[in-house]
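Data block for query08.tsv (TSV, C-alpha atoms):
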chain	number	residue	atom	x	y	z
A	1	MET	CA	0.00	0.00	0.00
A	2	GLN	CA	1.09	3.55	-0.75
A	3	ARG	CA	-0.56	6.72	0.47
A	4	LEU	CA	0.07	9.86	-1.58
A	5	HIS	CA	-0.17	13.27	0.04
A	6	LEU	CA	-0.60	16.15	-2.42
A	7	GLN	CA	1.43	18.92	-0.83
A	8	GLY	CA	1.48	21.46	-3.67
A	9	GLY	CA	0.83	21.98	-7.36
A	10	PHE	CA	-2.50	20.14	-7.50
A	11	GLY	CA	-5.42	22.26	-8.68
A	12	GLU	CA	-2.83	25.05	-9.03
A	13	LYS	CA	0.45	25.91	-10.73
A	14	GLY	CA	3.47	26.19	-8.44
A	15	ARG	CA	4.90	24.85	-5.13
A	16	THR	CA	4.94	21.36	-6.66
A	17	SER	CA	5.35	18.64	-4.04
A	18	VAL	CA	4.05	15.15	-3.21
A	19	LEU	CA	4.81	12.81	-0.33
A	20	VAL	CA	4.78	9.01	-0.72
A	21	ASP	CA	4.12	7.12	2.53
A	22	ASP	CA	4.31	3.30	2.57
A	23	GLY	CA	3.71	2.99	6.31
A	24	GLU	CA	7.41	2.58	7.06
A	25	SER	CA	9.06	5.55	5.39
A	26	ARG	CA	8.04	8.88	3.90
A	27	VAL	CA	9.63	10.13	0.70
A	28	MET	CA	9.00	13.69	-0.50
A	29	LEU	CA	9.23	14.47	-4.20
A	30	ASP	CA	10.04	18.15	-4.94
A	31	ALA	CA	9.73	21.19	-2.71
A	32	GLY	CA	8.63	24.11	-4.85
A	33	ILE	CA	7.33	27.62	-4.27
A	34	LYS	CA	4.42	29.43	-5.88
A	35	VAL	CA	5.50	32.75	-7.39
A	36	GLY	CA	3.09	35.59	-6.64
A	37	ALA	CA	1.20	33.70	-3.94
A	38	PRO	CA	0.53	35.07	-0.43
A	39	PRO	CA	2.78	33.71	2.33
A	40	GLU	CA	0.31	31.03	3.39
A	41	ASP	CA	0.27	29.56	-0.14
A	42	TYR	CA	3.91	30.16	-1.11
A	43	HIS	CA	5.30	26.87	0.26
A	44	PRO	CA	4.03	23.27	0.21
A	45	GLN	CA	1.39	22.12	2.69
A	46	LEU	CA	3.34	19.48	4.59
A	47	ALA	CA	1.32	16.36	5.46
A	48	PHE	CA	3.72	15.55	8.32
A	49	PRO	CA	6.22	17.52	10.41
A	50	ALA	CA	9.37	18.08	8.37
A	51	ASN	CA	11.50	16.06	10.79
A	52	GLU	CA	9.32	13.00	10.08
A	53	ILE	CA	10.17	13.02	6.35
A	54	ASP	CA	12.88	10.49	5.56
A	55	ALA	CA	14.22	11.89	2.28
A	56	LEU	CA	13.65	14.54	-0.37
A	57	PHE	CA	14.05	13.94	-4.11
A	58	ILE	CA	14.29	16.91	-6.52
A	59	THR	CA	13.40	16.60	-10.21
A	60	HIS	CA	15.14	19.80	-11.38
A	61	ALA	CA	16.21	23.28	-10.30
A	62	HIS	CA	13.23	25.40	-11.40
A	63	GLU	CA	11.74	27.41	-8.55
A	64	ASP	CA	8.38	25.62	-8.50
A	65	HIS	CA	10.23	22.37	-7.74
A	66	ILE	CA	13.16	23.38	-5.50
A	67	GLY	CA	12.45	26.91	-4.21
A	68	ALA	CA	11.20	25.73	-0.77
A	69	LEU	CA	14.33	23.76	0.14
A	70	CYS	CA	15.66	26.31	2.65
A	71	TRP	CA	12.18	26.68	4.15
A	72	LEU	CA	11.94	22.90	4.57
A	73	ILE	CA	15.30	22.79	6.35
A	74	GLY	CA	14.09	25.58	8.61
A	75	LYS	CA	11.03	23.51	9.44
A	76	GLY	CA	13.29	20.75	10.76
A	77	PHE	CA	13.98	18.48	7.79
A	78	ASP	CA	17.41	16.89	8.17
A	79	GLY	CA	17.24	13.88	5.85
A	80	PRO	CA	19.15	13.33	2.61
A	81	VAL	CA	18.33	15.43	-0.47
A	82	PHE	CA	18.76	13.56	-3.75
A	83	MET	CA	19.38	15.46	-7.00
A	84	THR	CA	21.47	15.22	-10.17
A	85	PRO	CA	24.78	17.09	-10.47
A	86	THR	CA	23.22	19.51	-12.98
A	87	THR	CA	20.39	20.32	-10.58
A	88	ARG	CA	22.95	20.86	-7.83
A	89	SER	CA	24.96	23.25	-10.01
A	90	GLU	CA	21.84	25.36	-10.69
A	91	MET	CA	20.31	25.15	-7.20
A	92	ASP	CA	22.05	28.09	-5.55
A	93	ALA	CA	21.10	30.58	-8.28
A	94	THR	CA	17.45	29.52	-8.06
A	95	LEU	CA	17.33	29.76	-4.28
A	96	GLU	CA	18.98	33.18	-4.29
A	97	LYS	CA	16.15	34.49	-6.47
A	98	TYR	CA	13.14	32.67	-5.02
A	99	ALA	CA	13.77	31.39	-1.49
A	100	ASN	CA	12.47	33.50	1.37
A	101	THR	CA	15.41	35.78	2.27
A	102	LEU	CA	15.24	34.92	5.98
A	103	ASP	CA	15.19	31.18	5.25
A	104	LEU	CA	18.06	31.55	2.79
A	105	ALA	CA	20.20	33.30	5.40
A	106	ALA	CA	19.30	31.13	8.40
A	107	HIS	CA	18.93	27.75	6.69
A	108	PRO	CA	21.16	27.67	3.59
A	109	ALA	CA	21.09	24.64	1.34
A	110	SER	CA	24.71	24.01	2.34
A	111	LYS	CA	23.25	22.55	5.56
A	112	ALA	CA	21.48	19.84	3.58
A	113	ALA	CA	22.90	16.34	3.17
A	114	ILE	CA	22.88	16.38	-0.63
A	115	GLU	CA	23.37	13.08	-2.41
A	116	LEU	CA	24.03	13.12	-6.16
A	117	PHE	CA	22.84	10.64	-8.75
A	118	GLN	CA	22.63	10.43	-12.54
A	119	PRO	CA	19.44	10.10	-14.62
A	120	GLY	CA	18.74	6.39	-14.97
A	121	ASP	CA	20.07	5.47	-11.53
A	122	GLU	CA	18.02	3.40	-9.07
A	123	LEU	CA	17.90	4.62	-5.47
A	124	SER	CA	16.29	3.43	-2.25
A	125	VAL	CA	15.08	4.79	1.06
A	126	SER	CA	14.11	2.14	3.62
A	127	GLY	CA	11.68	-0.11	1.72
A	128	GLN	CA	10.97	2.37	-1.07
A	129	LYS	CA	12.74	1.86	-4.39
A	130	ILE	CA	13.05	4.92	-6.62
A	131	THR	CA	13.77	4.57	-10.34
A	132	THR	CA	14.79	7.66	-12.34
A	133	GLY	CA	14.90	8.75	-15.98
A	134	HIS	CA	15.40	11.76	-18.26
A	135	THR	CA	12.42	14.14	-18.62
A	136	GLY	CA	13.17	16.09	-21.81
A	137	HIS	CA	12.52	19.31	-19.85
A	138	VAL	CA	16.01	20.46	-18.80
A	139	ALA	CA	19.52	19.05	-18.70
A	140	GLY	CA	19.69	16.67	-15.77
A	141	GLY	CA	15.95	16.79	-15.09
A	142	VAL	CA	14.42	13.49	-13.96
A	143	TRP	CA	11.13	11.72	-13.33
A	144	PHE	CA	10.72	9.39	-10.35
A	145	ALA	CA	9.01	5.99	-10.13
A	146	VAL	CA	8.48	5.03	-6.48
A	147	GLN	CA	7.85	1.35	-5.78
A	148	SER	CA	6.78	0.22	-2.31
A	149	GLY	CA	3.98	-1.67	-0.60
A	150	GLY	CA	3.39	-3.68	-3.77
A	151	LYS	CA	2.49	-0.51	-5.72
A	152	ARG	CA	4.29	1.83	-8.09
A	153	THR	CA	3.70	5.56	-8.49
A	154	VAL	CA	5.29	7.51	-11.35
A	155	TYR	CA	5.79	11.22	-10.69
A	156	CYS	CA	6.50	12.94	-13.98
A	157	GLY	CA	7.65	16.28	-12.61
A	158	ASP	CA	7.94	18.43	-15.75
A	159	VAL	CA	8.34	16.46	-18.97
A	160	VAL	CA	8.75	17.18	-22.69
A	161	PRO	CA	8.28	14.05	-24.81
A	162	GLU	CA	9.40	15.68	-28.07
A	163	SER	CA	12.18	18.10	-27.11
A	164	ALA	CA	14.68	18.84	-29.86
A	165	VAL	CA	17.39	19.27	-27.23
A	166	PHE	CA	16.84	16.98	-24.23
A	167	PRO	CA	16.17	13.21	-24.13
A	168	MET	CA	13.19	11.67	-22.37
A	169	SER	CA	13.36	8.13	-21.00
A	170	GLN	CA	10.52	5.61	-21.23
A	171	MET	CA	8.56	5.52	-17.97
A	172	PRO	CA	7.51	2.16	-16.51
A	173	GLU	CA	4.01	0.78	-16.12
A	174	CYS	CA	2.51	1.83	-12.82
A	175	ASP	CA	-0.56	1.90	-10.60
A	176	MET	CA	-0.68	5.71	-10.36
A	177	MET	CA	0.79	8.44	-12.55
A	178	LEU	CA	1.17	12.04	-11.40
A	179	LEU	CA	1.00	13.69	-14.78
A	180	ASP	CA	2.38	17.06	-15.91
A	181	CYS	CA	-0.82	18.84	-16.99
A	182	SER	CA	0.66	22.33	-17.28
A	183	TYR	CA	-0.88	22.84	-20.74
A	184	GLY	CA	-4.29	21.34	-20.06
A	185	ASP	CA	-6.04	20.34	-23.29
A	186	ASP	CA	-3.59	22.15	-25.61
A	187	ARG	CA	-3.16	20.09	-28.80
A	188	THR	CA	-0.87	22.40	-30.80
A	189	THR	CA	2.34	20.68	-31.90
A	190	SER	CA	5.82	21.86	-30.94
A	191	SER	CA	6.72	22.54	-34.58
A	192	GLU	CA	3.69	24.82	-35.01
A	193	ARG	CA	4.56	26.72	-31.84
A	194	ALA	CA	8.17	27.13	-32.89
A	195	GLU	CA	7.17	28.44	-36.32
A	196	ARG	CA	4.94	31.10	-34.78
A	197	ILE	CA	7.79	32.33	-32.58
A	198	ILE	CA	10.19	32.43	-35.53
A	199	GLU	CA	7.64	34.45	-37.53
A	200	TRP	CA	7.07	36.85	-34.63
A	201	VAL	CA	10.80	37.51	-34.26
A	202	ALA	CA	11.30	37.92	-38.02
A	203	ALA	CA	8.53	40.54	-38.13
A	204	ARG	CA	10.54	42.69	-35.67
A	205	PRO	CA	13.93	43.15	-37.39
A	206	ASP	CA	15.01	45.97	-35.07
A	207	GLY	CA	15.20	43.64	-32.11
A	208	SER	CA	13.12	42.19	-29.32
A	209	VAL	CA	13.42	40.90	-25.75
A	210	LEU	CA	12.65	37.23	-25.04
A	211	PRO	CA	12.58	36.46	-21.31
A	212	THR	CA	13.30	32.80	-20.62
A	213	PRO	CA	14.28	30.52	-17.73
A	214	LEU	CA	18.03	30.08	-17.49
A	215	SER	CA	17.74	26.32	-17.95
A	216	GLY	CA	15.58	24.39	-20.38
A	217	ARG	CA	13.75	26.84	-22.62
A	218	SER	CA	16.88	28.94	-23.25
A	219	LEU	CA	18.55	26.09	-25.11
A	220	GLU	CA	15.32	25.36	-27.00
A	221	LEU	CA	15.19	29.00	-28.18
A	222	LEU	CA	18.85	28.95	-29.18
A	223	THR	CA	18.08	25.89	-31.27
A	224	ILE	CA	15.08	27.26	-33.18
A	225	LEU	CA	15.91	30.96	-33.69
A	226	PRO	CA	17.87	31.74	-36.88
A	227	GLY	CA	20.12	34.72	-37.58
A	228	ARG	CA	21.75	37.19	-35.20
A	229	LEU	CA	20.98	36.65	-31.54
A	230	ALA	CA	22.07	38.13	-28.21
A	231	ILE	CA	22.02	36.73	-24.69
A	232	ALA	CA	22.48	38.35	-21.30
A	233	ASP	CA	26.16	38.15	-20.41
A	234	LEU	CA	25.33	36.29	-17.19
A	235	MET	CA	23.75	33.48	-19.22
A	236	TYR	CA	26.90	32.53	-21.12
A	237	GLU	CA	28.68	30.35	-18.54
A	238	PRO	CA	25.52	28.61	-17.24
A	239	LEU	CA	24.45	27.76	-20.80
A	240	LYS	CA	27.88	26.36	-21.57
A	241	ALA	CA	27.69	24.32	-18.38
A	242	GLN	CA	24.31	22.88	-19.40
A	243	ILE	CA	25.78	21.41	-22.59
A	244	SER	CA	29.08	20.26	-21.04
A	245	ASP	CA	27.82	16.68	-20.68
A	246	PRO	CA	26.56	15.44	-24.08
A	247	GLU	CA	24.90	12.47	-22.33
A	248	LEU	CA	22.28	14.87	-20.96
A	249	LEU	CA	21.28	16.06	-24.45
A	250	ARG	CA	20.01	14.44	-27.63
A	251	PRO	CA	22.74	13.14	-29.94
A	252	GLY	CA	24.56	15.98	-31.69
A	253	ALA	CA	22.71	18.72	-29.77
A	254	ALA	CA	25.68	19.72	-27.60
A	255	GLU	CA	27.91	20.38	-30.60
A	256	ARG	CA	25.27	22.39	-32.47
A	257	ILE	CA	24.36	24.51	-29.46
A	258	ALA	CA	28.02	25.15	-28.54
A	259	VAL	CA	28.60	26.71	-31.95
A	260	ARG	CA	25.46	28.81	-31.52
A	261	ILE	CA	26.39	30.05	-28.03
A	262	ASP	CA	29.87	31.08	-29.16
A	263	SER	CA	28.41	33.09	-32.05
A	264	VAL	CA	25.87	35.18	-30.12
A	265	LEU	CA	26.29	38.76	-28.92
A	266	ARG	CA	26.62	39.21	-25.14
A	267	TRP	CA	24.49	41.95	-23.59
A	268	SER	CA	25.44	43.59	-20.31
A	269	PRO	CA	22.53	44.79	-18.15
A	270	GLY	CA	22.29	48.55	-18.29
A	271	SER	CA	23.62	48.89	-21.83
A	272	ALA	CA	21.33	49.68	-24.76
A	273	LEU	CA	19.10	46.88	-25.97
A	274	PRO	CA	20.55	45.23	-29.12
A	275	ASP	CA	18.97	45.40	-32.57
A	276	CYS	CA	18.40	41.64	-32.62
A	277	PRO	CA	16.52	39.13	-30.45
A	278	LEU	CA	17.83	39.18	-26.87
A	279	LEU	CA	17.43	36.23	-24.49
A	280	VAL	CA	17.35	37.23	-20.82
A	281	HIS	CA	16.52	35.26	-17.69
A	282	ASP	CA	14.12	34.72	-15.92
A	283	GLY	CA	10.99	33.93	-17.92
A	284	MET	CA	8.56	36.00	-15.82
A	285	GLY	CA	10.62	39.14	-15.38
A	286	SER	CA	10.64	38.64	-11.62
A	287	ALA	CA	14.41	38.39	-11.24
A	288	GLY	CA	17.72	38.38	-13.08
A	289	PRO	CA	18.58	40.41	-16.19
A	290	ALA	CA	15.01	39.98	-17.49
A	291	ALA	CA	13.66	42.35	-14.84
A	292	LEU	CA	15.83	45.22	-16.11
A	293	ALA	CA	15.57	44.38	-19.82
A	294	MET	CA	11.76	44.23	-19.67
A	295	GLU	CA	11.61	47.54	-17.80
A	296	MET	CA	13.87	49.17	-20.42
A	297	ALA	CA	11.83	47.70	-23.28
A	298	GLU	CA	8.53	48.88	-21.81
A	299	LYS	CA	9.80	52.45	-21.44
A	300	ILE	CA	10.75	52.74	-25.12
A	301	GLY	CA	8.08	50.50	-26.65
A	302	HIS	CA	10.58	47.82	-27.61
A	303	PRO	CA	8.96	44.44	-28.49
A	304	VAL	CA	8.81	41.80	-25.74
A	305	LEU	CA	7.79	38.18	-26.31
A	306	LEU	CA	6.90	35.98	-23.35
A	307	SER	CA	6.76	32.24	-24.00
A	308	GLY	CA	6.03	30.41	-20.75
A	309	HIS	CA	4.00	30.40	-17.55
A	310	LEU	CA	3.10	33.87	-16.23
A	311	PRO	CA	2.05	33.81	-12.57
A	312	GLU	CA	-0.49	36.43	-11.66
A	313	GLY	CA	1.30	39.41	-10.16
A	314	SER	CA	4.56	38.81	-12.02
A	315	PRO	CA	5.96	41.61	-14.25
A	316	GLY	CA	5.40	39.43	-17.31
A	317	HIS	CA	1.75	38.88	-16.44
A	318	ARG	CA	1.21	42.61	-15.94
A	319	MET	CA	2.92	43.59	-19.21
A	320	TYR	CA	0.97	41.01	-21.20
A	321	ARG	CA	-2.31	42.09	-19.60
A	322	GLU	CA	-1.58	45.75	-20.38
A	323	GLY	CA	-0.50	45.07	-23.96
A	324	SER	CA	3.18	45.99	-23.62
A	325	ALA	CA	4.29	42.39	-24.24
A	326	ASP	CA	3.11	39.56	-26.48
A	327	TRP	CA	2.85	35.89	-25.53
A	328	LEU	CA	3.41	32.77	-27.63
A	329	ARG	CA	3.92	29.43	-25.91
A	330	LEU	CA	7.14	27.55	-26.57
A	331	PRO	CA	6.34	24.02	-25.38
A	332	THR	CA	8.35	22.85	-22.41
A	333	HIS	CA	5.56	20.60	-21.08
A	334	PRO	CA	3.42	17.92	-22.78
A	335	THR	CA	0.39	18.61	-24.94
A	336	LEU	CA	-2.79	16.60	-24.40
A	337	PRO	CA	-2.02	14.05	-27.18
A	338	GLN	CA	1.45	13.54	-25.70
A	339	ASN	CA	-0.02	13.00	-22.24
A	340	LYS	CA	-2.41	10.43	-23.66
A	341	LEU	CA	0.55	8.51	-25.12
A	342	LEU	CA	2.39	8.68	-21.78
A	343	TRP	CA	-0.67	7.32	-19.98
A	344	GLU	CA	-1.19	4.50	-22.48
A	345	SER	CA	2.47	3.46	-22.43
A	346	ALA	CA	2.31	3.28	-18.62
A	347	GLY	CA	-0.56	0.77	-18.80
A	348	ARG	CA	-3.46	3.23	-18.41
A	349	PRO	CA	-3.02	3.72	-14.66
A	350	ARG	CA	-4.99	5.99	-12.37
A	351	LEU	CA	-4.07	9.62	-13.01
A	352	ILE	CA	-3.67	12.77	-10.95
A	353	GLY	CA	-2.66	15.92	-12.80
A	354	HIS	CA	-0.32	18.56	-11.39
A	355	SER	CA	0.51	22.14	-12.36
A	356	CYS	CA	-2.95	23.18	-13.60
A	357	ASP	CA	-6.33	24.21	-12.24
A	358	ALA	CA	-9.59	22.23	-12.01
A	359	ARG	CA	-11.01	23.76	-15.18
A	360	ALA	CA	-8.05	22.48	-17.21
A	361	LEU	CA	-8.42	19.03	-15.66
A	362	ASP	CA	-12.11	18.94	-16.60
A	363	ALA	CA	-11.20	19.78	-20.22
A	364	MET	CA	-8.75	16.84	-20.32
A	365	HIS	CA	-11.09	14.23	-18.85
A	366	SER	CA	-12.76	13.04	-22.07
A	367	THR	CA	-9.32	12.16	-23.48
A	368	LEU	CA	-7.93	10.84	-20.19
A	369	PRO	CA	-10.89	9.13	-18.46
A	370	ALA	CA	-8.69	7.88	-15.61
A	371	LEU	CA	-7.86	11.46	-14.59
A	372	ASN	CA	-9.00	12.55	-11.13
A	373	THR	CA	-10.39	16.03	-11.78
A	374	THR	CA	-11.00	16.91	-8.13
A	375	ALA	CA	-7.55	16.16	-6.66
A	376	ALA	CA	-6.18	19.28	-5.00
A	377	THR	CA	-3.34	20.43	-2.78
A	378	GLY	CA	-3.97	19.27	0.78
A	379	GLY	CA	-5.65	16.05	-0.31
A	380	SER	CA	-4.42	12.48	-0.18
A	381	THR	CA	-5.19	9.17	-1.84
A	382	GLU	CA	-4.38	5.50	-1.23
A	383	ILE	CA	-3.28	3.04	-3.89
Can you give me the file's structure in the form of structure tokens?
Amino acid sequence: MQRLHLQGGFGEKGRTSVLVDDGESRVMLDAGIKVGAPPEDYHPQLAFPANEIDALFITHAHEDHIGALCWLIGKGFDGPVFMTPTTRSEMDATLEKYANTLDLAAHPASKAAIELFQPGDELSVSGQKITTGHTGHVAGGVWFAVQSGGKRTVYCGDVVPESAVFPMSQMPECDMMLLDCSYGDDRTTSSERAERIIEWVAARPDGSVLPTPLSGRSLELLTILPGRLAIADLMYEPLKAQISDPELLRPGAAERIAVRIDSVLRWSPGSALPDCPLLVHDGMGSAGPAALAMEMAEKIGHPVLLSGHLPEGSPGHRMYREGSADWLRLPTHPTLPQNKLLWESAGRPRLIGHSCDARALDAMHSTLPALNTTAATGGSTEI
């Protein structure tokens, strides 16, 4: 028997977290924050006191999956934290931007007992066996399959089945799948989305600003955008680091992207915006060079294209709402047809969707009849 506790990201986007309890040990998968949320909704809703959680496993270093790590340590968690080397290398930058400042100072991640593993490794905590695999979302990002009590739960985290840059490993058959439903019932293909972005950029030959997360979507944009391109100077070394291990990318991708990175212009925050597309992090304009570049662009009417999730209250959300920025999705999560294939290949298990609201779940139900459309943060289920 397994009991799943939905601690964040269910019926909502952000603070993604689930706890798997087999009666003997408790394994927590991800510890994210919810950008723009009030303090009471910013961190996961823990099902147990933090000091009763045996281990934490992190899928990747985006804030909605790792941003609550310092907070969790402050709550008393002292177990091992499992993550890939790439996630570890990106963790500090994410926490500096998104962790509560008091938690970051009093309970730094350096206090955590971090244990590294590679995608594809098998791990264990007490009687729980955890299998891992590539997600296609970011370099070093992983999904987890937790087997215990005669049951298996697959937690997708964030996945991209058809990334041009990152590989995705086949997930095993299971009794329950926690599915990445970030895009709800969106059926538009990745190639169609990419073409629309290319056309948008081409129609603005005097330059534009493209806010993007430092990991994941940045490499996707570098891959699809032709012609002259600029990146924030602070992105150069992290992007090079992301492609340093070719095993974390699709065959040939590291070589192609390395040539692209070395050919781009490097923009220093505070200097004039370039007359070509400029990639700046982060994707919401809440932190990093994007905050300044978006402010500069808005003042002079310079084009801005947002391409990912925009939490309410973020600068990107405000600019899009007010018409000073455009938005075109660049897929870094699965479409509905892709989710259907994931579900079928896993043996049509029970489904709970994360990273979307109830309305999106309702829209998916006719295609995914096993989907629980009422599961929400704070709830639990037994399998």
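Nearest residue to Arg359 of chain A, choosing from A:Leu292, A:Cys181, A:Leu29, A:Ala145 and counting all atoms listed in the file: A:Cys181.
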Gap from atom CA of Tyr320 of chain A to atom CA of Met296 of chain A - Å, one decimal: 15.3 Å
Close residues, segment 16-18 of chain A itself excluded, 7 Å, all atoms listed in the file, min 2 positions apart in chain, as a PyMOL selection string: chain A and resi 4-9+14+20+28-32+44+64-65
Separation of atom CA of Phe144 of chain A from atom CA of Met284 of chain A in Å: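 Interatomic distance here is 27.3 Å.
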Interatomic distance (Å, one decimal) between atom CA of Thr86 of chain A and atom CA of Ala61 of chain A: 8.4 Å
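In terms of minimum interatomic distance to Met168 of chain A, A:Gly141 ranks closest within A:Gly301, A:Pro289, A:Gly141, A:Gly379, counting only C-alpha atoms.
The residues that lie within 9 Å of the point (22.1, 9.6, -5.4), counting only C-alpha atoms, are Val81, Phe82, Met83, Thr84, Ile114, Glu115, Leu116, Phe117, Gln118, Asp121, Glu122 and Leu123 of chain A.
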Protein/DNA/RNA residues near (17.0, 16.3, -24.7), cut 10 Å, only C-alpha atoms, as a VMD selection string: chain A and resid 134 to 141 160 to 169 216 219 to 220 246 to 251 253 to 254
So that I have them on file, write out the residues from the current selection with C-alpha atoms, as a PDB file, in the frame of the given file.
ATOM      1  CA  HIS A 134      15.400  11.760 -18.260  1.00  0.00           C
ATOM      2  CA  THR A 135      12.420  14.140 -18.620  1.00  0.00           C
ATOM      3  CA  GLY A 136      13.170  16.090 -21.810  1.00  0.00           C
ATOM      4  CA  HIS A 137      12.520  19.310 -19.850  1.00  0.00           C
ATOM      5  CA  VAL A 138      16.010  20.460 -18.800  1.00  0.00           C
ATOM      6  CA  ALA A 139      19.520  19.050 -18.700  1.00  0.00           C
ATOM      7  CA  GLY A 140      19.690  16.670 -15.770  1.00  0.00           C
ATOM      8  CA  GLY A 141      15.950  16.790 -15.090  1.00  0.00           C
ATOM      9  CA  VAL A 160       8.750  17.180 -22.690  1.00  0.00           C
ATOM     10  CA  PRO A 161       8.280  14.050 -24.810  1.00  0.00           C
ATOM     11  CA  GLU A 162       9.400  15.680 -28.070  1.00  0.00           C
ATOM     12  CA  SER A 163      12.180  18.100 -27.110  1.00  0.00           C
ATOM     13  CA  ALA A 164      14.680  18.840 -29.860  1.00  0.00           C
ATOM     14  CA  VAL A 165      17.390  19.270 -27.230  1.00  0.00           C
ATOM     15  CA  PHE A 166      16.840  16.980 -24.230  1.00  0.00           C
ATOM     16  CA  PRO A 167      16.170  13.210 -24.130  1.00  0.00           C
ATOM     17  CA  MET A 168      13.190  11.670 -22.370  1.00  0.00           C
ATOM     18  CA  SER A 169      13.360   8.130 -21.000  1.00  0.00           C
ATOM     19  CA  GLY A 216      15.580  24.390 -20.380  1.00  0.00           C
ATOM     20  CA  LEU A 219      18.550  26.090 -25.110  1.00  0.00           C
ATOM     21  CA  GLU A 220      15.320  25.360 -27.000  1.00  0.00           C
ATOM     22  CA  PRO A 246      26.560  15.440 -24.080  1.00  0.00           C
ATOM     23  CA  GLU A 247      24.900  12.470 -22.330  1.00  0.00           C
ATOM     24  CA  LEU A 248      22.280  14.870 -20.960  1.00  0.00           C
ATOM     25  CA  LEU A 249      21.280  16.060 -24.450  1.00  0.00           C
ATOM     26  CA  ARG A 250      20.010  14.440 -27.630  1.00  0.00           C
ATOM     27  CA  PRO A 251      22.740  13.140 -29.940  1.00  0.00           C
ATOM     28  CA  ALA A 253      22.710  18.720 -29.770  1.00  0.00           C
ATOM     29  CA  ALA A 254      25.680  19.720 -27.600  1.00  0.00           C
TER      30      ALA A 254
END
Closest of A:Val209, A:Arg15, A:Ser191, A:His60 to Gln45 of chain A - atom-to-atom distances counting only C-alpha atoms: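 Nearest candidate to Gln45 of chain A out of A:Val209, A:Arg15, A:Ser191, A:His60: A:Arg15.
Using only C-alpha atoms, the smallest distance between any of A:Arg348, A:His354, A:Arg217, A:Lys129 and Gly11 of chain A comes from A:His354.
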Please give the centre and size of the box around segment 319-322 of chain A (axis-aligned, containing every atom listed in the file, 6 Å added per side), with values in Å to one decimal and written as AutoDock Vina command-line options.
--center_x 0.3 --center_y 43.4 --center_z -20.2 --size_x 17.2 --size_y 16.7 --size_z 14.0
Distance criterion (only C-alpha atoms): nearest to Ser268 of chain A out of A:Leu104, A:Gly288, A:Ala93, A:Trp327: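 The closest residue to Ser268 of chain A is A:Gly288.
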Of the listed residues A:Val27, A:Ala287, A:Cys70, A:Ile198, that which approaches His43 of chain A most closely, counting all atoms listed in the file: A:Cys70
Distance query Leu214 of chain A at most 7 Å, all atoms listed in the file, self and fewer than 2 positions along chain excluded, as a PyMOL selection string: chain A and resi 212+216+218+235+281-282
Contact residues around Gly316 of chain A with all atoms listed in the file at 8 Å, ignoring same-chain residues under 2 positions, as a list in words: Gly283, Met284, Gly285, Ser286, Leu306, Leu310, Ser314, Arg318, Met319, Tyr320 and Ala325 of chain A
For Gln147 of chain A: contacts at 9 Å, all atoms listed in the file, fewer than 6 positions along chain excluded, given as a list in words: Gln2, Gly127, Gln128, Lys129, Ile130, Thr131, Thr153, Val154 and Cys174 of chain A
Shell around Leu368 of chain A at 10 Å using all atoms listed in the file, local window under 6 positions removed, as a VMD selection string: chain A and resid 336 to 337 339 to 340 343 to 344 348 350 to 351 361 to 362
